[in-house]
Structures are given as C-alpha cells and as structure tokens.
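data.cif (mmCIF, C-alpha atoms) appears below.
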```cif
data_entry
loop_
_atom_site.group_PDB
_atom_site.id
_atom_site.type_symbol
_atom_site.label_atom_id
_atom_site.label_comp_id
_atom_site.auth_asym_id
_atom_site.auth_seq_id
_atom_site.Cartn_x
_atom_site.Cartn_y
_atom_site.Cartn_z
ATOM 1 C CA MET J 97 7.223 -29.796 1.904
ATOM 2 C CA ALA J 98 3.452 -29.233 2.043
ATOM 3 C CA ALA J 99 1.485 -29.613 -1.163
ATOM 4 C CA ARG J 100 0.865 -26.518 -3.287
ATOM 5 C CA LYS J 101 -2.791 -25.441 -3.279
ATOM 6 C CA ILE J 102 -4.984 -22.984 -5.122
ATOM 7 C CA ILE J 103 -5.556 -20.065 -2.727
ATOM 8 C CA THR J 104 -7.956 -18.038 -4.868
ATOM 9 C CA GLN J 105 -8.985 -17.907 -8.518
ATOM 10 C CA THR J 106 -10.729 -15.517 -10.893
ATOM 11 C CA THR J 107 -10.968 -14.734 -14.609
ATOM 12 C CA GLY J 108 -10.253 -11.729 -16.780
ATOM 13 C CA ASP J 109 -9.226 -10.829 -20.311
ATOM 14 C CA LEU J 110 -5.648 -9.777 -19.622
ATOM 15 C CA THR J 111 -4.365 -10.230 -23.179
ATOM 16 C CA GLY J 112 -7.149 -8.244 -24.855
ATOM 17 C CA ASP J 113 -8.115 -10.971 -27.330
ATOM 18 C CA GLY J 114 -11.662 -11.301 -26.006
ATOM 19 C CA ILE J 115 -11.018 -14.698 -24.398
ATOM 20 C CA PRO J 116 -10.702 -14.570 -20.588
ATOM 21 C CA GLU J 117 -7.661 -15.962 -18.822
ATOM 22 C CA ILE J 118 -7.856 -18.073 -15.669
ATOM 23 C CA ILE J 119 -5.906 -16.271 -12.937
ATOM 24 C CA ARG J 120 -4.836 -18.079 -9.767
ATOM 25 C CA LEU J 121 -2.772 -17.562 -6.683
ATOM 26 C CA THR J 122 -1.182 -20.757 -5.399
ATOM 27 C CA GLY J 123 0.970 -21.508 -2.380
ATOM 28 C CA PHE J 124 1.443 -23.880 0.512
ATOM 29 C CA GLN J 125 0.852 -23.851 4.267
ATOM 30 C CA GLU J 126 2.796 -25.624 6.952
ATOM 31 C CA PRO J 127 0.684 -27.863 9.224
ATOM 32 C CA GLY J 128 -1.162 -25.806 11.829
ATOM 33 C CA SER J 129 -0.329 -22.468 10.186
ATOM 34 C CA ILE J 130 -2.704 -20.074 8.430
ATOM 35 C CA ALA J 131 0.192 -18.237 6.735
ATOM 36 C CA TRP J 132 0.856 -18.886 3.062
ATOM 37 C CA GLN J 133 4.351 -19.374 1.662
ATOM 38 C CA GLY J 134 5.791 -19.650 -1.827
ATOM 39 C CA ILE J 135 2.857 -17.690 -3.257
ATOM 40 C CA ARG J 136 2.817 -17.620 -7.069
ATOM 41 C CA LEU J 137 0.653 -15.910 -9.651
ATOM 42 C CA GLN J 138 -0.401 -18.395 -12.311
ATOM 43 C CA ILE J 139 -2.174 -17.246 -15.477
ATOM 44 C CA GLN J 140 -3.648 -19.718 -17.944
ATOM 45 C CA ASP J 141 -4.095 -18.188 -21.397
ATOM 46 C CA GLY J 142 -7.696 -18.353 -22.566
ATOM 47 C CA ALA J 143 -6.862 -19.077 -26.194
ATOM 48 C CA SER J 144 -3.874 -21.433 -25.959
ATOM 49 C CA CYS J 145 -4.317 -22.805 -22.410
ATOM 50 C CA LEU J 146 -0.583 -22.236 -21.905
ATOM 51 C CA GLU J 147 0.256 -21.255 -18.334
ATOM 52 C CA THR J 148 2.536 -18.473 -17.122
ATOM 53 C CA ARG J 149 3.927 -18.803 -13.587
ATOM 54 C CA ILE J 150 5.174 -15.651 -11.880
ATOM 55 C CA ALA J 151 7.237 -15.598 -8.679
ATOM 56 C CA LEU J 152 6.116 -12.606 -6.615
ATOM 57 C CA PRO J 153 8.607 -10.153 -5.051
ATOM 58 C CA GLU J 154 7.037 -10.845 -1.628
ATOM 59 C CA ASP J 155 5.720 -14.410 -1.628
ATOM 60 C CA ALA J 156 4.643 -15.052 1.975
ATOM 61 C CA GLY J 157 1.862 -13.686 4.160
ATOM 62 C CA TYR J 158 -1.818 -13.853 4.951
ATOM 63 C CA ASP J 159 -5.120 -13.506 3.089
ATOM 64 C CA PRO J 160 -3.739 -13.355 -0.494
ATOM 65 C CA ARG J 161 -6.254 -11.711 -2.843
ATOM 66 C CA LEU J 162 -6.704 -10.956 -6.537
ATOM 67 C CA PHE J 163 -8.274 -7.922 -8.190
ATOM 68 C CA VAL J 164 -8.735 -7.779 -11.969
ATOM 69 C CA GLY J 165 -9.716 -4.490 -13.574
ATOM 70 C CA SER J 166 -8.668 -1.571 -15.761
ATOM 71 C CA LEU J 167 -5.725 -0.028 -13.931
ATOM 72 C CA THR J 168 -3.763 1.333 -16.906
ATOM 73 C CA GLU J 169 -6.302 2.131 -19.622
ATOM 74 C CA ALA J 170 -10.010 1.767 -20.313
ATOM 75 C CA GLY J 171 -10.926 -1.484 -21.999
ATOM 76 C CA SER J 172 -7.837 -3.358 -20.827
ATOM 77 C CA GLN J 173 -7.554 -5.484 -17.703
ATOM 78 C CA ASP J 174 -4.657 -5.788 -15.286
ATOM 79 C CA VAL J 175 -4.170 -7.884 -12.167
ATOM 80 C CA LEU J 176 -3.461 -6.622 -8.638
ATOM 81 C CA VAL J 177 -2.130 -9.098 -6.044
ATOM 82 C CA SER J 178 -2.573 -8.184 -2.360
ATOM 83 C CA ILE J 179 -0.963 -10.020 0.573
ATOM 84 C CA ALA J 180 -1.150 -8.993 4.254
ATOM 85 C CA SER J 181 2.172 -9.162 6.120
ATOM 86 C CA GLY J 182 0.530 -10.267 9.351
ATOM 87 C CA GLY J 183 2.823 -8.081 11.453
ATOM 88 C CA SER J 184 1.763 -5.619 14.143
ATOM 89 C CA GLY J 185 2.263 -2.712 11.744
ATOM 90 C CA GLY J 186 -0.541 -3.922 9.474
ATOM 91 C CA LEU J 187 1.631 -3.706 6.367
ATOM 92 C CA GLY J 188 0.740 -5.122 2.972
ATOM 93 C CA TYR J 189 2.538 -6.419 -0.109
ATOM 94 C CA TYR J 190 1.090 -5.329 -3.447
ATOM 95 C CA THR J 191 2.056 -6.086 -7.037
ATOM 96 C CA ILE J 192 0.392 -5.182 -10.331
ATOM 97 C CA TYR J 193 0.979 -6.958 -13.640
ATOM 98 C CA THR J 194 -0.092 -5.938 -17.125
ATOM 99 C CA PHE J 195 0.159 -7.788 -20.439
ATOM 100 C CA THR J 196 2.317 -5.915 -22.923
ATOM 101 C CA ASP J 197 4.510 -6.911 -25.881
ATOM 102 C CA GLY J 198 3.441 -10.529 -25.515
ATOM 103 C CA ALA J 199 4.420 -10.930 -21.857
ATOM 104 C CA TYR J 200 3.306 -10.079 -18.340
ATOM 105 C CA LYS J 201 5.164 -7.068 -16.921
ATOM 106 C CA LEU J 202 5.445 -5.934 -13.294
ATOM 107 C CA ILE J 203 4.347 -2.282 -13.158
ATOM 108 C CA PHE J 204 3.885 -1.780 -9.399
ATOM 109 C CA ASP J 205 5.462 -3.300 -6.311
ATOM 110 C CA THR J 206 5.511 -2.282 -2.672
ATOM 111 C CA LYS J 207 9.288 -1.982 -2.317
ATOM 112 C CA SER J 208 9.575 0.470 -5.226
ATOM 113 C CA TYR J 209 6.623 2.487 -3.956
ATOM 114 C CA ASN J 210 8.083 2.806 -0.456
ATOM 115 C CA ALA J 211 11.414 3.966 -1.885
ATOM 116 C CA ALA J 212 9.703 6.603 -4.034
ATOM 117 C CA PHE J 213 7.754 8.201 -1.152
ATOM 118 C CA PRO J 214 10.117 9.303 1.668
ATOM 119 C CA TYR J 215 8.878 11.388 4.610
ATOM 120 C CA ILE J 216 10.230 13.310 7.602
ATOM 121 C CA VAL J 217 8.146 13.640 10.786
ATOM 122 C CA THR J 218 9.312 16.129 13.431
ATOM 123 C CA TYR J 219 7.772 17.368 16.682
ATOM 124 C CA LEU J 220 7.721 21.175 16.979
ATOM 125 C CA ASP J 221 7.211 23.527 19.907
ATOM 126 C CA HIS J 222 3.671 24.259 21.059
ATOM 127 C CA TYR J 223 2.154 20.812 20.473
ATOM 128 C CA VAL J 224 2.562 20.522 16.723
ATOM 129 C CA VAL J 225 3.970 17.738 14.541
ATOM 130 C CA ARG J 226 5.384 18.577 11.109
ATOM 131 C CA ALA J 227 4.908 15.781 8.551
ATOM 132 C CA GLU J 228 6.778 16.435 5.311
ATOM 133 C CA SER J 229 6.411 14.493 2.073
ATOM 134 C CA LEU J 230 9.775 14.814 0.319
ATOM 135 C CA MET J 231 8.498 13.408 -2.958
ATOM 136 C CA ASN J 232 6.300 16.449 -3.656
ATOM 137 C CA ARG J 233 7.854 18.909 -1.143
ATOM 138 C CA THR J 234 4.610 19.298 0.806
ATOM 139 C CA VAL J 235 4.265 19.905 4.559
ATOM 140 C CA TYR J 236 1.344 19.039 6.839
ATOM 141 C CA LEU J 237 0.937 20.202 10.447
ATOM 142 C CA ILE J 238 -0.793 17.977 13.004
ATOM 143 C CA ASP J 239 -2.136 19.639 16.168
ATOM 144 C CA LEU J 240 -1.473 17.663 19.373
ATOM 145 C CA ALA J 241 -2.986 20.161 21.808
ATOM 146 C CA ASP J 242 -5.947 17.888 22.646
ATOM 147 C CA ARG J 243 -3.789 14.827 23.372
ATOM 148 C CA ASP J 244 -3.640 13.365 26.876
ATOM 149 C CA PRO J 245 -1.605 15.615 29.238
ATOM 150 C CA ALA J 246 0.426 12.614 30.387
ATOM 151 C CA TYR J 247 1.468 11.993 26.772
ATOM 152 C CA LEU J 248 2.366 15.621 26.147
ATOM 153 C CA SER J 249 4.352 15.875 29.383
ATOM 154 C CA GLN J 250 6.773 13.262 28.025
ATOM 155 C CA ILE J 251 7.679 15.616 25.194
ATOM 156 C CA TYR J 252 7.007 19.207 26.251
ATOM 157 C CA GLN J 253 7.890 21.617 29.032
ATOM 158 C CA SER J 254 5.018 23.364 30.826
ATOM 159 C CA ASP J 255 5.406 26.343 28.476
ATOM 160 C CA GLY J 256 4.893 24.142 25.389
ATOM 161 C CA THR J 257 8.512 23.997 24.282
ATOM 162 C CA LEU J 258 10.195 20.703 23.529
ATOM 163 C CA LYS J 259 12.253 19.051 26.228
ATOM 164 C CA ALA J 260 14.495 17.595 23.524
ATOM 165 C CA PRO J 261 14.342 17.026 19.747
ATOM 166 C CA VAL J 262 11.767 14.318 18.908
ATOM 167 C CA SER J 263 11.103 12.611 15.586
ATOM 168 C CA GLY J 264 8.257 10.409 14.412
ATOM 169 C CA GLY J 265 8.018 8.266 11.314
ATOM 170 C CA VAL J 266 5.861 6.959 8.505
ATOM 171 C CA ASN J 267 5.231 3.247 8.075
ATOM 172 C CA PRO J 268 5.623 1.495 4.729
ATOM 173 C CA LEU J 269 2.557 0.931 2.573
ATOM 174 C CA SER J 270 -0.244 -0.721 4.535
ATOM 175 C CA VAL J 271 -3.307 -0.555 2.262
ATOM 176 C CA LEU J 272 -3.696 -0.168 -1.516
ATOM 177 C CA LEU J 273 -7.237 0.121 -2.837
ATOM 178 C CA PRO J 274 -8.446 0.527 -6.451
ATOM 179 C CA ALA J 275 -11.106 3.214 -6.924
ATOM 180 C CA ASP J 276 -12.429 4.894 -10.079
ATOM 181 C CA PHE J 277 -12.746 8.436 -8.740
ATOM 182 C CA ASP J 278 -13.457 10.230 -12.029
ATOM 183 C CA GLY J 279 -15.720 7.553 -13.529
ATOM 184 C CA ASP J 280 -13.656 7.097 -16.697
ATOM 185 C CA GLY J 281 -13.472 3.310 -16.405
ATOM 186 C CA VAL J 282 -9.860 3.304 -15.189
ATOM 187 C CA TYR J 283 -9.107 2.705 -11.533
ATOM 188 C CA GLU J 284 -6.841 4.973 -9.531
ATOM 189 C CA LEU J 285 -4.969 3.545 -6.529
ATOM 190 C CA LEU J 286 -5.533 4.795 -2.990
ATOM 191 C CA ALA J 287 -2.430 4.165 -0.853
ATOM 192 C CA TYR J 288 -2.374 4.484 2.960
ATOM 193 C CA GLN J 289 0.710 4.905 5.167
ATOM 194 C CA ARG J 290 0.462 5.370 8.931
ATOM 195 C CA ILE J 291 2.155 8.412 10.522
ATOM 196 C CA THR J 292 3.629 7.383 13.871
ATOM 197 C CA GLY J 293 4.829 9.360 16.868
ATOM 198 C CA LEU J 294 6.839 8.178 19.868
ATOM 199 C CA TYR J 295 6.347 4.493 18.993
ATOM 200 C CA ASN J 296 4.632 2.437 16.315
ATOM 201 C CA ALA J 297 1.310 2.176 18.153
ATOM 202 C CA ASP J 298 1.259 5.971 18.613
ATOM 203 C CA GLY J 299 -0.698 6.744 15.474
ATOM 204 C CA LEU J 300 -0.929 10.419 14.507
ATOM 205 C CA GLY J 301 -2.714 10.000 11.169
ATOM 206 C CA ASP J 302 -2.221 8.645 7.663
ATOM 207 C CA PHE J 303 -0.613 9.837 4.487
ATOM 208 C CA ILE J 304 -3.217 9.071 1.800
ATOM 209 C CA ASN J 305 -1.778 9.101 -1.707
ATOM 210 C CA THR J 306 -3.911 8.784 -4.832
ATOM 211 C CA LEU J 307 -1.934 7.292 -7.727
ATOM 212 C CA SER J 308 -2.871 7.208 -11.400
ATOM 213 C CA TRP J 309 -1.226 5.564 -14.402
ATOM 214 C CA ASP J 310 0.619 8.098 -16.560
ATOM 215 C CA GLY J 311 1.535 5.689 -19.336
ATOM 216 C CA ARG J 312 4.790 4.697 -17.664
ATOM 217 C CA VAL J 313 4.317 4.495 -13.879
ATOM 218 C CA PHE J 314 1.670 5.055 -11.222
ATOM 219 C CA GLY J 315 2.374 8.693 -10.387
ATOM 220 C CA LEU J 316 1.056 10.844 -7.564
ATOM 221 C CA PHE J 317 -2.275 12.404 -8.518
ATOM 222 C CA ASN J 318 -3.377 13.728 -5.121
ATOM 223 C CA GLN J 319 -2.167 13.630 -1.524
ATOM 224 C CA THR J 320 -3.934 14.281 1.780
ATOM 225 C CA VAL J 321 -3.263 13.563 5.437
ATOM 226 C CA GLY J 322 -6.034 12.039 7.532
ATOM 227 C CA ILE J 323 -5.799 12.717 11.273
ATOM 228 C CA PHE J 324 -7.417 11.015 14.251
ATOM 229 C CA GLY J 325 -9.942 12.945 16.287
ATOM 230 C CA THR J 326 -10.284 13.197 20.043
ATOM 231 C CA GLU J 327 -13.427 13.008 22.139
ATOM 232 C CA ALA J 328 -15.395 16.274 22.089
ATOM 233 C CA LYS J 329 -15.426 18.161 25.371
#
```
Starting from the coordinates I provided, produce the structure as structure tokens.
Amino acid sequence: MAARKIITQTTGDLTGDGIPEIIRLTGFQEPGSIAWQGIRLQIQDGASCLETRIALPEDAGYDPRLFVGSLTEAGSQDVLVSIASGGSGGLGYYTIYTFTDGAYKLIFDTKSYNAAFPYIVTYLDHYVVRAESLMNRTVYLIDLADRDPAYLSQIYQSDGTLKAPVSGGVNPLSVLLPADFDGDGVYELLAYQRITGLYNADGLGDFINTLSWDGRVFGLFNQTVGIFGTEAK
C-alpha cells in the first residue's frame, strides 16, 4: 500500500480553550493516480498534543479541502471537509465536525443531506417543467419555450402537449459553500443541486438551498431555483 501523506493542513481553535489545534487531512495515492483514498481527518490538540483520527463517511476522491470557521455559533470554530467525487455529475462529499462534550461530533454529512431533501421534476404541457421540493412543499416552474426546437420536438406535439409523460431529476449535493449572509459572524451554508431533464447533461437549473444551524441541525433557511438563460434574440 502507498504511504499515507499529509494532503492539506490548517489551524483553528476547535476546543475553545484559546490554543489552536493543528488540523490535517491525510490519505494515500496509488502510483500514477491523482485520486486520494483512505482520507482521514486528524486533529492534534493544541494544549495536550494528543491526536484524534476520524474516518470520514466518504473517504476517497479529488482535491480534498479544509475550511475552519464559525458554523454553529459566533466565537466557536468548526471544521468543514470537502472532497470532489470526480464523476461526470460534479458531485461533492461534505462533512462538518464540531467539538462538544469533550469529543468531535459529526453534525453534517452529504448522505444525510441528500436524504432530507427529496424532489420531483415533471414535464408539463406547453413547454414547462415543474420542479417540486418535497421537504418544504414548494413548487418552481421552469419555462422551456426558448429551448432548441429539435430538443422540444422530442417531448412535445406541435400544439405544445406532451407526447408521453416525461420526468427529470435532481442530482445529489454538488457544491457546499460557507457564507456569512447576515454578518453575524456565523457562516450559513449554500448548497447547490443540479436539476436535470432528459439526461444528466441536460441541465435545467439548480436548487440553491441556504442552511443555517438551529442548535441541533443545519435547517433550511432559504431556497431558490437558479435557471440557465438562452441567447437573446
């Protein structure tokens, strides 16, 4: 097996004692590969120098990164681990850990997030797609009227009615970005999920969910749908 290496390293006061911890991601690469495997989060306590090693829920991928900042409350620091899947869907694996009751606790992971945010995407008559977020019972309508006629002819009759029922989909979490929108010193999380049509590369837009810590979980604070424009005529 290839030797374990330090992928990236930073510091932050995760325990709140005023002494910064050393925070590392480590893993190994097979010869000739740029993918990382066996990725671990390793945290060396600033006061005792004792090290905590954490096996990540998703421990393989590309471009592993660390972000340390206040994700749960002002004045505290938490750690966000980001790993790109490397697949054609552009998916990402994200985990967040906080120090509580003398130990590091997982408070966000991609699998749990994806399970909590189900969607239904359905093509309607007259060049419209209905994208429904089941989590908050909210519906968004995406206008397809300006799409290429050859694309629309696969789906619609000349009068704009569907030839047959057609469904789209929503990809799992692809991007998770920390952003302090209200300037209170605590970062919210901006989560992107691609809305797809006839096939995965047929992007119709993105569900954009803003999450904020409610003291127990990262709950939905705001939701929008971003759509792709077409060339002006």
Practice task
Could you tell me which residues the PyMOL selection byres ((chain J and resi 134) around 9) grabs in this file, written as a PyMOL selection string?
Solution key: chain J and resi 100+122-125+132-133+135-136+151-152+154-156
Exercise for the section: Just say which residues the PyMOL selection byres ((chain J and resi 190) around 9) picks in this file, as JSON, numbers by chain. Expected result: {"J": [154, 176, 177, 178, 179, 180, 188, 189, 191, 192, 204, 205, 206, 207, 269, 271, 272]}
Completion exercise
Using all atoms listed in the file, the residue out of J:Ser208, J:Gln105, J:Ser172, J:Thr234 with shortest distance to Pro153 in chain J is J:Ser208
Exercise for the section: List the residues selected by the PyMOL selection byres ((chain J and resi 273) around 8) in the file shown, writing them as a PyMOL selection string. Expected result: chain J and resi 271-272+274-275+285-287
Practice task
Could you please determine the separation between CA of Lys329 in chain J and CA of Tyr223 in chain J in Å, to one decimal place?
Solution key: 18.4 Å
Exercise for the section: Just give me the gap between CA of Thr306 in chain J and CA of Arg290 in chain J in Å, one decimal is fine. Expected result: 14.8 Å
Exercise for the section: Could you please determine the separation between CA of Leu230 in chain J and CA of Pro214 in chain J in Å, to one decimal place? Expected result: 5.7 Å
Practice task
Name all residues at most 12 Å from Ala143 in chain J (count only C-alpha atoms; drop same-chain ones fewer than 4 positions away) and give them as an MDAnalysis selection string.
Solution key: chainID J and resid 109:118 139 147
Practice task
Counting all atoms listed in the file, select every polymer residue within 9 Å of (4.1, 26.5, 27.0) as defined in the file's coordinates, and provide the selection as a count of residues only.
Solution key: 9
Problem - Given only C-alpha atoms as the counted atoms, nearest of J:Leu300, J:Ala170, J:Leu187, J:Ile203 to Leu240 in chain J - result: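 Of the candidates, the smallest distance to Leu240 in chain J is held by J:Leu300.
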Kindly list the centre and edge lengths in Å, rounded to one decimal, for the axis-aligned box that covers all listed atoms of range 121-139 of chain J plus 5 Å on each of its six sides, as JSON.
```
{"center_x": 1.5, "center_y": -21.9, "center_z": -1.8, "size_x": 18.6, "size_y": 22.0, "size_z": 37.3}
```
